Amino acid sequence: MQFKDYYAALGVKRDATPDEVKHAYRKLARKYHPDLNKEANAEERFKEVAEAYEALNDAERRAAYDEASLRWAGRGDGQAPPGWDTGFEFSEHGATGDPFDHSEFFDALFGRRGHAGRRGAAAAQARGQDHHAKVLIDIEDSYQGAKRTVALQMPELGADGRVSLQRRQIELSIPKGIRAGQQLRLAQQGGPGFGDGPRGDLYLEIEFRTHKLYRADGADVLFDLPLSPWEAALGASVIVPTPLGPVELRVPAGSTAGRKLRLKGRGLPGQPPGDLYAVLSIVLPSADNKAREEAYRTFAKAFDFEPRAAANEV
C-alpha cells in the first residue's frame, strides 16, 4: 500500500493552520477541477487534492493521520508497518461518505463506515454518538476465545483549540471463531449522551496481527511447510504445527512446491469451521563441501530431467 502525503498534496507545511489548509485546497481545487482544466491528469489530481483536504480538514482525522505518519517514518522500503492503521477511535462525525471515492490508504486508516453509523441520530437526539476503531488480536485468540485489554487513541479538541490523542484502555472479550473484518459491538462504550441520554456504542473491527507461521483467509488458515527434495519426491509423514497443537501430516509422493495439503476443520472455529492448509515449499541443502557437490553431480546424472522443457517449447 502506498503512503499518502496529504500535506504535500496540498502544498502546506505539517503545522499549517486550518485556514491555511482550506485556502490551499480551494486554490488547487479551482486549478484542477475537471470542468476547468482539460489536462490529462487534472481529474486524478483533483481527487488527490479533495482526499487530502478531507483528511486534514477534520481535526480527528488529521490527528490520527499525523500519528500514523510517525509509524511509517524511517521505513526505507516504503511498506506499511504492521498495525499502522489500528487503535484509532473515531466518532460518527468523522464518517467518510462513499468508500469508493477514496484511496486504499484513506479507507484503511479512516474506515469504510460511510454514513451507516448515523443510525438513530434523528430519532434519538440525546443518545451519544457511536464510535469506531480497528484493533489487532492474535489469530490464536480466535481459536480459543480470549479476554484482552486493548489501547485506543481518541482525538479530542482541547480548550486551546488543539487536537490531541487521548488514550484509554478497553477490556475486550474475544469470541471464539471471530474472523478478520468482523466487528464487535461494545454497548454504551461510545460517545457520551446529551443530558440523561445513554452513551453511544463502540464498534471494534477485528484484524489479525502478522504471525510468524499462520495467515488467515476468511475462515481458512494457511502456513508454509518446507520439505526436503526427497520428502517431496518420495513422500513422508511429518509433524506440523497447528494453532491447537502439533499433528502428523502425510505428504504424498511426487508433491511439488505450491501444492496445498488440507487439514479439514482445523481452520478458524465456526459453523462450519474453516480448514488449515499446508503450502508446500522445497528447500535445497547447500553444496558447501566436496562431498555434497559430488552428491549433487551424482543426482544430476541419475535423472534425464529438463526443468525448462515446457518453456522451451513455447
# chains A, B, ... in the order shown; residues from 1 in each chain; ligands from 1

call {"tool": "residues_around", "arguments": {"residues": "Thr242 in chain A", "least_positions_apart": "6", "cutoff": "9 Å", "atoms": "only C-alpha atoms", "output": "mmCIF file with N, CA and C atoms, in the first residue's frame"}}
result
data_model
loop_
_atom_site.group_PDB
_atom_site.id
_atom_site.type_symbol
_atom_site.label_atom_id
_atom_site.label_comp_id
_atom_site.auth_asym_id
_atom_site.auth_seq_id
_atom_site.Cartn_x
_atom_site.Cartn_y
_atom_site.Cartn_z
ATOM 1 N N TYR A 214 1.232 -18.392 10.666
ATOM 2 C CA TYR A 214 -0.104 -18.526 10.090
ATOM 3 C C TYR A 214 -0.593 -17.227 9.445
ATOM 4 N N PHE A 223 -0.334 -22.017 6.255
ATOM 5 C CA PHE A 223 1.034 -21.874 6.727
ATOM 6 C C PHE A 223 1.956 -22.550 5.723
ATOM 7 N N ARG A 266 -9.609 -27.662 10.659
ATOM 8 C CA ARG A 266 -8.625 -27.134 11.609
ATOM 9 C C ARG A 266 -8.329 -25.654 11.370
ATOM 10 N N LEU A 276 -7.392 -25.821 7.548
ATOM 11 C CA LEU A 276 -5.995 -25.425 7.680
ATOM 12 C C LEU A 276 -5.236 -26.016 6.489
#

call {"tool": "select_by_dssp", "arguments": {"residues": "range 200-265 of chain A", "states": "strand (DSSP E)", "output": "PyMOL selection string"}}
result
chain A and resi 202-208+214-217+220-227+236-240+247-251+260-263

call {"tool": "write_last_selection", "arguments": {"atoms": "C-alpha atoms", "output": "CSV table (one decimal), in the first residue's frame"}}
result
chain,number,residue,atom,x,y,z
A,202,LEU,CA,-18.2,1.3,20.3
A,203,TYR,CA,-17.7,-0.9,17.2
A,204,LEU,CA,-14.3,-2.6,17.0
A,205,GLU,CA,-13.2,-4.0,13.7
A,206,ILE,CA,-11.0,-7.1,14.1
A,207,GLU,CA,-7.7,-7.5,12.3
A,208,PHE,CA,-5.1,-10.3,13.0
A,214,TYR,CA,-0.1,-18.5,10.1
A,215,ARG,CA,-2.1,-16.3,7.8
A,216,ALA,CA,-5.9,-16.2,7.6
A,217,ASP,CA,-8.1,-16.2,4.5
A,220,ASP,CA,-9.3,-20.8,6.4
A,221,VAL,CA,-5.8,-20.6,7.8
A,222,LEU,CA,-2.6,-21.2,5.8
A,223,PHE,CA,1.0,-21.9,6.7
A,224,ASP,CA,4.2,-22.7,4.7
A,225,LEU,CA,5.6,-26.2,5.1
A,226,PRO,CA,9.3,-26.6,4.0
A,227,LEU,CA,10.2,-30.0,2.6
A,236,ALA,CA,6.8,-38.5,4.0
A,237,SER,CA,5.0,-38.3,7.3
A,238,VAL,CA,5.9,-35.0,9.0
A,239,ILE,CA,4.9,-33.4,12.3
A,240,VAL,CA,3.4,-29.9,11.6
A,247,VAL,CA,-0.3,-33.1,14.3
A,248,GLU,CA,1.0,-35.6,11.8
A,249,LEU,CA,0.6,-34.9,8.1
A,250,ARG,CA,1.1,-37.3,5.3
A,251,VAL,CA,2.9,-35.7,2.3
A,260,LYS,CA,-1.7,-27.2,-0.7
A,261,LEU,CA,-2.5,-30.0,1.7
A,262,ARG,CA,-5.7,-29.6,3.6
A,263,LEU,CA,-6.3,-30.4,7.3

call {"tool": "residues_around", "arguments": {"residues": "Lys134 in chain A", "least_positions_apart": "6", "cutoff": "10 Å", "atoms": "only C-alpha atoms", "output": "list in words"}}
result
Gly83, Asp85, Thr86, Gly87, Phe88, Glu89, Phe90, Ala108, Leu109, Phe110, Gly111, Leu152, Gly181, Gln183, Tyr203, Leu204, Glu205, Ile206 and Glu207 of chain A

call {"tool": "write_last_selection", "arguments": {"atoms": "C-alpha atoms", "output": "PDB file, in the first residue's frame"}}
result
ATOM      1  CA  GLY A  83      -0.703  -2.330  12.702  1.00  0.00           C
ATOM      2  CA  ASP A  85      -3.846   1.819  10.942  1.00  0.00           C
ATOM      3  CA  THR A  86      -5.117   0.277  14.194  1.00  0.00           C
ATOM      4  CA  GLY A  87      -6.063   1.700  17.581  1.00  0.00           C
ATOM      5  CA  PHE A  88      -7.620   4.980  16.384  1.00  0.00           C
ATOM      6  CA  GLU A  89     -11.104   5.639  17.735  1.00  0.00           C
ATOM      7  CA  PHE A  90     -13.427   7.850  15.693  1.00  0.00           C
ATOM      8  CA  ALA A 108      -7.587   1.631   5.689  1.00  0.00           C
ATOM      9  CA  LEU A 109      -6.924   4.453   8.148  1.00  0.00           C
ATOM     10  CA  PHE A 110     -10.331   6.074   8.447  1.00  0.00           C
ATOM     11  CA  GLY A 111     -12.567   3.092   7.687  1.00  0.00           C
ATOM     12  CA  LEU A 152      -7.338   3.081  21.817  1.00  0.00           C
ATOM     13  CA  GLY A 181     -13.091  -7.821   9.211  1.00  0.00           C
ATOM     14  CA  GLN A 183     -16.960  -6.159  14.236  1.00  0.00           C
ATOM     15  CA  TYR A 203     -17.681  -0.884  17.229  1.00  0.00           C
ATOM     16  CA  LEU A 204     -14.329  -2.637  17.033  1.00  0.00           C
ATOM     17  CA  GLU A 205     -13.247  -4.046  13.665  1.00  0.00           C
ATOM     18  CA  ILE A 206     -11.015  -7.083  14.122  1.00  0.00           C
ATOM     19  CA  GLU A 207      -7.697  -7.524  12.347  1.00  0.00           C
TER      20      GLU A 207
END

call {"tool": "closest_atom_pairs", "arguments": {"of": "range 157-274 of chain A", "to": "range 282-299 of chain A", "cutoff": "10 Å", "atoms": "only C-alpha atoms", "output": "tab-separated table"}}
result
residue	atom	partner	partner_atom	distance
A:Leu225	CA	A:Ile282	CA	8.6
A:Pro226	CA	A:Ile282	CA	5.7
A:Leu227	CA	A:Ile282	CA	5.0
A:Ser228	CA	A:Val283	CA	5.3
A:Pro229	CA	A:Ile282	CA	6.1
A:Trp230	CA	A:Ile282	CA	9.4
A:Glu231	CA	A:Ile282	CA	9.0
A:Ala232	CA	A:Ile282	CA	7.4
A:Ser255	CA	A:Ile282	CA	9.4
A:Thr256	CA	A:Ile282	CA	7.6
A:Ala257	CA	A:Ile282	CA	5.8
A:Gly258	CA	A:Ile282	CA	8.9

call {"tool": "write_last_selection", "arguments": {"atoms": "N, CA and C atoms", "output": "mmCIF file, in the first residue's frame"}}
result
data_model
loop_
_atom_site.group_PDB
_atom_site.id
_atom_site.type_symbol
_atom_site.label_atom_id
_atom_site.label_comp_id
_atom_site.auth_asym_id
_atom_site.auth_seq_id
_atom_site.Cartn_x
_atom_site.Cartn_y
_atom_site.Cartn_z
ATOM 1 N N LEU A 225 4.988 -24.961 4.598
ATOM 2 C CA LEU A 225 5.620 -26.182 5.093
ATOM 3 C C LEU A 225 6.840 -26.500 4.230
ATOM 4 N N PRO A 226 8.046 -26.259 4.738
ATOM 5 C CA PRO A 226 9.261 -26.585 3.973
ATOM 6 C C PRO A 226 9.498 -28.097 3.943
ATOM 7 N N LEU A 227 9.909 -28.605 2.780
ATOM 8 C CA LEU A 227 10.228 -30.010 2.612
ATOM 9 C C LEU A 227 11.592 -30.152 1.962
ATOM 10 N N SER A 228 12.264 -31.240 2.273
ATOM 11 C CA SER A 228 13.484 -31.572 1.538
ATOM 12 C C SER A 228 13.081 -32.154 0.182
ATOM 13 N N PRO A 229 13.978 -32.147 -0.805
ATOM 14 C CA PRO A 229 13.631 -32.711 -2.116
ATOM 15 C C PRO A 229 13.195 -34.165 -2.030
ATOM 16 N N TRP A 230 13.835 -34.958 -1.161
ATOM 17 C CA TRP A 230 13.471 -36.373 -1.083
ATOM 18 C C TRP A 230 12.135 -36.590 -0.392
ATOM 19 N N GLU A 231 11.774 -35.707 0.566
ATOM 20 C CA GLU A 231 10.444 -35.803 1.162
ATOM 21 C C GLU A 231 9.361 -35.524 0.137
ATOM 22 N N ALA A 232 9.597 -34.516 -0.703
ATOM 23 C CA ALA A 232 8.610 -34.173 -1.718
ATOM 24 C C ALA A 232 8.509 -35.264 -2.779
ATOM 25 N N SER A 255 5.016 -34.676 -4.618
ATOM 26 C CA SER A 255 4.490 -33.343 -4.303
ATOM 27 C C SER A 255 5.402 -32.263 -4.864
ATOM 28 N N THR A 256 4.815 -31.148 -5.243
ATOM 29 C CA THR A 256 5.563 -30.039 -5.828
ATOM 30 C C THR A 256 5.361 -28.779 -4.996
ATOM 31 N N ALA A 257 6.269 -27.828 -5.178
ATOM 32 C CA ALA A 257 6.170 -26.556 -4.457
ATOM 33 C C ALA A 257 4.877 -25.845 -4.831
ATOM 34 N N GLY A 258 4.219 -25.277 -3.841
ATOM 35 C CA GLY A 258 2.968 -24.568 -4.054
ATOM 36 C C GLY A 258 1.734 -25.413 -3.821
#

call {"tool": "residues_around", "arguments": {"residues": "Ile170 in chain A", "least_positions_apart": "4", "cutoff": "10 Å", "atoms": "only C-alpha atoms", "output": "ChimeraX atom specification"}}
result
/A:148-152,186,189

call {"tool": "atom_distance", "arguments": {"atom1": "CA of Pro252 in chain A", "atom2": "CA of Gly265 in chain A"}}
result
20.0 Å

call {"tool": "atom_distance", "arguments": {"atom1": "CA of Asn57 in chain A", "atom2": "CA of Arg127 in chain A"}}
result
25.8 Å

call {"tool": "closest_residue", "arguments": {"among": "A:Tyr53, A:Glu140, A:Arg209, A:Arg168", "to": "Asp5 in chain A", "atoms": "only C-alpha atoms"}}
result
A:Tyr53
